[in-house]
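K.L.:
Quick one: this structure, given as structure tokens, is what I'll be asking you about.
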Amino acid sequence: MLADPSARVGPAAEAARTAARAQHTQLVDQARAVFERDVAQLAAESDVVEPALPPAYARWDNPVWQRYEVPERAAMAVRLGDLSLPDSPRLRIPMLVRLPLQRGLWIDSGRPRSGPAQALAGTDEPRRLAAATATAVAARLLAAHPADGLTLHVIDPAGSAADALASLLDTGALQEPPAAGAAGTARVLERLTQRVDLVQMAVRSRATDALPPGFDLAEQLLIVHDFPHGFDDRGVNQLRYLADEGPSVGVHLMMIADREDARAYGPVLDPLWRALLRLTPVPQDHLADPWVGHAWTYEPPLPPSGSQVLPEVLRQVAAARQAQGR
């Protein structure tokens, strides 16, 4: 019919179009019905599975955290939040990331420019939520490792994340106060880059047993708050080095940053942003799924308001360390 222009008008053509539209509507309705059926089935299965998850895979409101004990070995993965679809809010898929981390994390503290969270633009709430999210993620990572499995370091040049980080420091889960100022930032970066160099040389030489006495064999997690504040060019290069080379030798990075704050560096930092998994402290549909073509809405792993589960877990982690003389 399309090949013959004269057949594109008239009663027969209109009838063909009407039939095609009806068939299209029928197929869309069938697909929607199948989709809703499958989503309902997945949600029902999730309701059954969720209460039975171990701590590393469970939400903070899961009762399993009330029975938490520091594990003897690291978990295979850790839950870093939930994923959902805008048209199916009941279905929440745990976002599990394999351990040890294969890439660093970037908690985006930038102001939302679209979606429901846009109401937060022009306020400091995104930065506060980003620091709180980083603390919650760090707590989950510590809880998923044995007492000697993960050592935490924090760089907070201006001390602006003191409130959010207080639970890490007050419970003893963070063994040293956050590094402040340019000197503190440089000191921590130098120590960790030297560690990466040393372990890489030991691995290449197959001489890991020759590491210095007292060498901390635990995985290392560096939290950097408010990047690039407090960083000079050398510090930026060291951070890029840690992001690229650190994960292979157990040094991991979590940055809390607004990309706009670092725009003066231009494309120099593009490889750094690409190397990190971007997470957002406010629900946002930014995680693309190449398998099904959806943009999943990410929800950060924040504990329920008023809950004491996070500091209680951190106190148990710190107590287990002290029992081991760490």
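If you're wondering about the labels, chains in the structure tokens are A, B, ... by order shown, residues count from 1 in each chain, ligands from 1 in order shown.
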Using only C-alpha atoms, which residues sit within 6 Å of segment 131-146 of chain A once same-chain residues fewer than 6 positions away are excluded, as an MDAnalysis selection string?

P.N.:
chainID A and resid 56 70:75 164 281

K.L.:
Write out as a count of residues only the set of residues from segment 190-239 of chain A that DSSP, computed on the backbone, places in helix (DSSP H, G or I).

P.N.:
25

K.L.:
I'd like the neighbourhood of Ala186 of chain A as a list in words, where a residue qualifies if any of its atoms comes within 10 Å (using only C-alpha atoms), though same-chain residues fewer than 2 positions away should be ignored.

P.N.:
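Contacts, with the query itself left out: Ile155, Ala179, Ala180, Gly181, Ala182, Ala183, Gly184, Val188, Leu189, Glu190, Arg191, Gly230, Phe231, Asp232, Arg234, Gly235 and Gln238 of chain A.
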
K.L.:
Determine, counting only C-alpha atoms, which protein, DNA and RNA residues have an atom within 8 Å of an atom of Val249 of chain A; residues of the same chain fewer than 6 positions away are not included. Present the result as a list in words.

P.N.:
Val196, Val199 and Gln200 of chain A

K.L.:
Would you mind exporting the chosen residues as a compact mmCIF listing (two decimals), in the first residue's frame, restricted to N, CA, C and O atoms?

P.N.:
```txt
# COMPACT_ATOMS: atom_id res chain seq x y z
N VAL A 196 50.38 2.21 47.84
CA VAL A 196 50.08 1.59 46.54
C VAL A 196 51.36 1.21 45.82
O VAL A 196 51.49 0.09 45.30
N VAL A 199 53.01 -1.91 47.64
CA VAL A 199 52.31 -3.17 47.43
C VAL A 199 52.44 -3.61 45.98
O VAL A 199 52.61 -4.81 45.69
N GLN A 200 52.37 -2.68 45.05
CA GLN A 200 52.55 -3.04 43.65
C GLN A 200 53.93 -3.66 43.41
O GLN A 200 54.05 -4.68 42.71
```

K.L.:
Could you please write out, as a ChimeraX atom specification, every residue of segment 202-313 of chain A that DSSP assigns to strand (DSSP E)?

P.N.:
/A:219-227,251-257,276-279,284-288,295-299

K.L.:
Write the selection just made, keeping N, CA, C and O atoms, as a short mmCIF file (atom, residue, chain, number, x, y, z; two decimals), in the first residue's frame?

P.N.:
```cif
data_model
loop_
_atom_site.label_atom_id
_atom_site.label_comp_id
_atom_site.auth_asym_id
_atom_site.auth_seq_id
_atom_site.Cartn_x
_atom_site.Cartn_y
_atom_site.Cartn_z
N GLU A 219 42.24 -3.94 53.77
CA GLU A 219 41.82 -3.04 52.70
C GLU A 219 41.76 -1.62 53.28
O GLU A 219 41.47 -1.44 54.47
N GLN A 220 42.02 -0.64 52.44
CA GLN A 220 42.02 0.76 52.87
C GLN A 220 40.92 1.52 52.13
O GLN A 220 40.78 1.37 50.91
N LEU A 221 40.16 2.32 52.86
CA LEU A 221 39.13 3.15 52.25
C LEU A 221 39.40 4.60 52.60
O LEU A 221 39.44 4.97 53.78
N LEU A 222 39.58 5.42 51.57
CA LEU A 222 39.80 6.86 51.76
C LEU A 222 38.53 7.61 51.37
O LEU A 222 38.06 7.50 50.23
N ILE A 223 37.98 8.36 52.32
CA ILE A 223 36.85 9.25 52.06
C ILE A 223 37.38 10.66 51.91
O ILE A 223 38.06 11.18 52.80
N VAL A 224 37.08 11.29 50.79
CA VAL A 224 37.50 12.67 50.52
C VAL A 224 36.26 13.54 50.47
O VAL A 224 35.39 13.34 49.61
N HIS A 225 36.15 14.48 51.40
CA HIS A 225 34.98 15.35 51.45
C HIS A 225 35.28 16.69 50.80
O HIS A 225 36.35 17.29 51.01
N ASP A 226 34.32 17.15 49.99
CA ASP A 226 34.34 18.50 49.42
C ASP A 226 35.51 18.70 48.46
O ASP A 226 36.12 19.78 48.42
N PHE A 227 35.85 17.67 47.69
CA PHE A 227 36.86 17.83 46.64
C PHE A 227 36.39 18.89 45.65
O PHE A 227 35.20 18.96 45.33
N VAL A 251 43.39 -0.42 47.92
CA VAL A 251 43.20 0.97 48.35
C VAL A 251 42.03 1.55 47.56
O VAL A 251 42.10 1.64 46.33
N HIS A 252 40.97 1.92 48.25
CA HIS A 252 39.72 2.31 47.60
C HIS A 252 39.37 3.76 47.94
O HIS A 252 39.75 4.27 49.00
N LEU A 253 38.64 4.39 47.04
CA LEU A 253 38.35 5.82 47.14
C LEU A 253 36.85 6.05 47.14
O LEU A 253 36.11 5.46 46.37
N MET A 254 36.40 6.95 48.03
CA MET A 254 35.04 7.44 48.01
C MET A 254 35.09 8.97 48.10
O MET A 254 35.57 9.51 49.10
N MET A 255 34.64 9.63 47.04
CA MET A 255 34.68 11.10 46.99
C MET A 255 33.29 11.68 47.18
O MET A 255 32.32 11.16 46.66
N ILE A 256 33.24 12.77 47.95
CA ILE A 256 32.02 13.57 48.08
C ILE A 256 32.32 14.88 47.38
O ILE A 256 33.16 15.67 47.85
N ALA A 257 31.70 15.11 46.24
CA ALA A 257 32.12 16.25 45.42
C ALA A 257 30.99 16.73 44.53
O ALA A 257 30.14 15.95 44.10
N LEU A 276 34.89 6.57 38.53
CA LEU A 276 34.13 6.39 39.76
C LEU A 276 32.67 6.08 39.47
O LEU A 276 32.11 6.55 38.47
N LEU A 277 32.05 5.29 40.33
CA LEU A 277 30.63 5.02 40.24
C LEU A 277 29.87 6.15 40.92
O LEU A 277 30.00 6.35 42.12
N ARG A 278 29.10 6.89 40.14
CA ARG A 278 28.37 8.04 40.69
C ARG A 278 27.12 7.58 41.41
O ARG A 278 26.29 6.86 40.87
N LEU A 279 26.97 8.03 42.65
CA LEU A 279 25.78 7.83 43.44
C LEU A 279 25.25 9.19 43.85
O LEU A 279 26.00 10.17 43.89
N GLN A 284 17.11 9.60 42.42
CA GLN A 284 17.29 10.19 41.10
C GLN A 284 17.44 9.07 40.07
O GLN A 284 18.12 8.07 40.33
N ASP A 285 16.80 9.23 38.91
CA ASP A 285 16.86 8.20 37.89
C ASP A 285 18.08 8.44 36.98
O ASP A 285 17.98 9.02 35.93
N HIS A 286 19.22 7.93 37.44
CA HIS A 286 20.45 8.21 36.70
C HIS A 286 21.29 6.97 36.40
O HIS A 286 22.33 7.07 35.79
N LEU A 287 20.82 5.78 36.83
CA LEU A 287 21.57 4.56 36.58
C LEU A 287 20.97 3.84 35.38
O LEU A 287 19.89 3.25 35.46
N ALA A 288 21.65 3.92 34.25
CA ALA A 288 21.14 3.33 33.01
C ALA A 288 21.37 1.83 33.00
O ALA A 288 22.42 1.34 33.42
N ALA A 295 16.19 3.61 32.95
CA ALA A 295 17.02 4.41 33.85
C ALA A 295 16.48 4.19 35.25
O ALA A 295 15.40 4.67 35.61
N TRP A 296 17.21 3.43 36.05
CA TRP A 296 16.75 3.10 37.39
C TRP A 296 16.87 4.31 38.31
O TRP A 296 17.81 5.09 38.21
N THR A 297 15.91 4.45 39.20
CA THR A 297 15.98 5.48 40.23
C THR A 297 16.77 4.92 41.41
O THR A 297 16.40 3.89 41.98
N TYR A 298 17.85 5.60 41.75
CA TYR A 298 18.70 5.17 42.86
C TYR A 298 18.27 5.84 44.15
O TYR A 298 18.03 7.06 44.18
N GLU A 299 18.16 5.04 45.21
CA GLU A 299 17.84 5.57 46.55
C GLU A 299 18.99 5.24 47.49
O GLU A 299 19.35 4.07 47.64
#
```

K.L.:
State, in Å with one decimal place, the distance from atom CA of Ser248 of chain A to atom CA of Leu129 of chain A.

P.N.:
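Here the two named atoms are 29.6 Å from each other.
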
K.L.:
Between A:Arg240, A:Pro303, A:Pro177, A:Gly250, which has the minimum distance to Leu198 of chain A (counting only C-alpha atoms)?

P.N.:
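The shortest atom-to-atom distance to Leu198 of chain A comes from A:Gly250.
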
K.L.:
Within 9 Å of Pro126 of chain A, counting only C-alpha atoms, which residues qualify if same-chain residues fewer than 2 places away don't, as a ChimeraX atom specification?

P.N.:
/A:108-112,120-121,123-124,128-131,280-282

K.L.:
Against segment 165-174 of chain A, which residues of segment 215-325 of chain A fall within 9 Å? For each one I want the closest pair of atoms and the distance in Å (one decimal), counting only C-alpha atoms, rows by chain and increasing residue number, as a Markdown table.

P.N.:
```
| residue | atom | partner | partner_atom | distance |
| --- | --- | --- | --- | --- |
| A:Leu310 | CA | A:Ser167 | CA | 8.0 |
| A:Pro311 | CA | A:Ser167 | CA | 5.8 |
| A:Glu312 | CA | A:Thr171 | CA | 8.3 |
| A:Leu314 | CA | A:Ala173 | CA | 5.8 |
| A:Arg315 | CA | A:Thr171 | CA | 5.1 |
| A:Gln316 | CA | A:Thr171 | CA | 8.7 |
| A:Val317 | CA | A:Ala173 | CA | 6.5 |
| A:Ala318 | CA | A:Ala173 | CA | 5.0 |
| A:Ala319 | CA | A:Gly172 | CA | 8.3 |
| A:Arg321 | CA | A:Ala173 | CA | 8.6 |
```

K.L.:
With C-alpha atoms kept, could you save the residues just selected as a PDB file, in the first residue's frame?

P.N.:
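Final output, selection.pdb:
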```pdb
ATOM      1  CA  LEU A 310      24.232   2.795  62.459  1.00  0.00           C
ATOM      2  CA  PRO A 311      26.163   3.959  65.571  1.00  0.00           C
ATOM      3  CA  GLU A 312      25.359   0.677  67.323  1.00  0.00           C
ATOM      4  CA  LEU A 314      29.902   0.941  64.382  1.00  0.00           C
ATOM      5  CA  ARG A 315      30.404   0.466  68.124  1.00  0.00           C
ATOM      6  CA  GLN A 316      30.440  -3.289  67.608  1.00  0.00           C
ATOM      7  CA  VAL A 317      33.000  -2.926  64.823  1.00  0.00           C
ATOM      8  CA  ALA A 318      35.208  -0.753  67.055  1.00  0.00           C
ATOM      9  CA  ALA A 319      34.864  -3.164  70.005  1.00  0.00           C
ATOM     10  CA  ARG A 321      38.979  -4.154  66.723  1.00  0.00           C
TER      11      ARG A 321
END
```
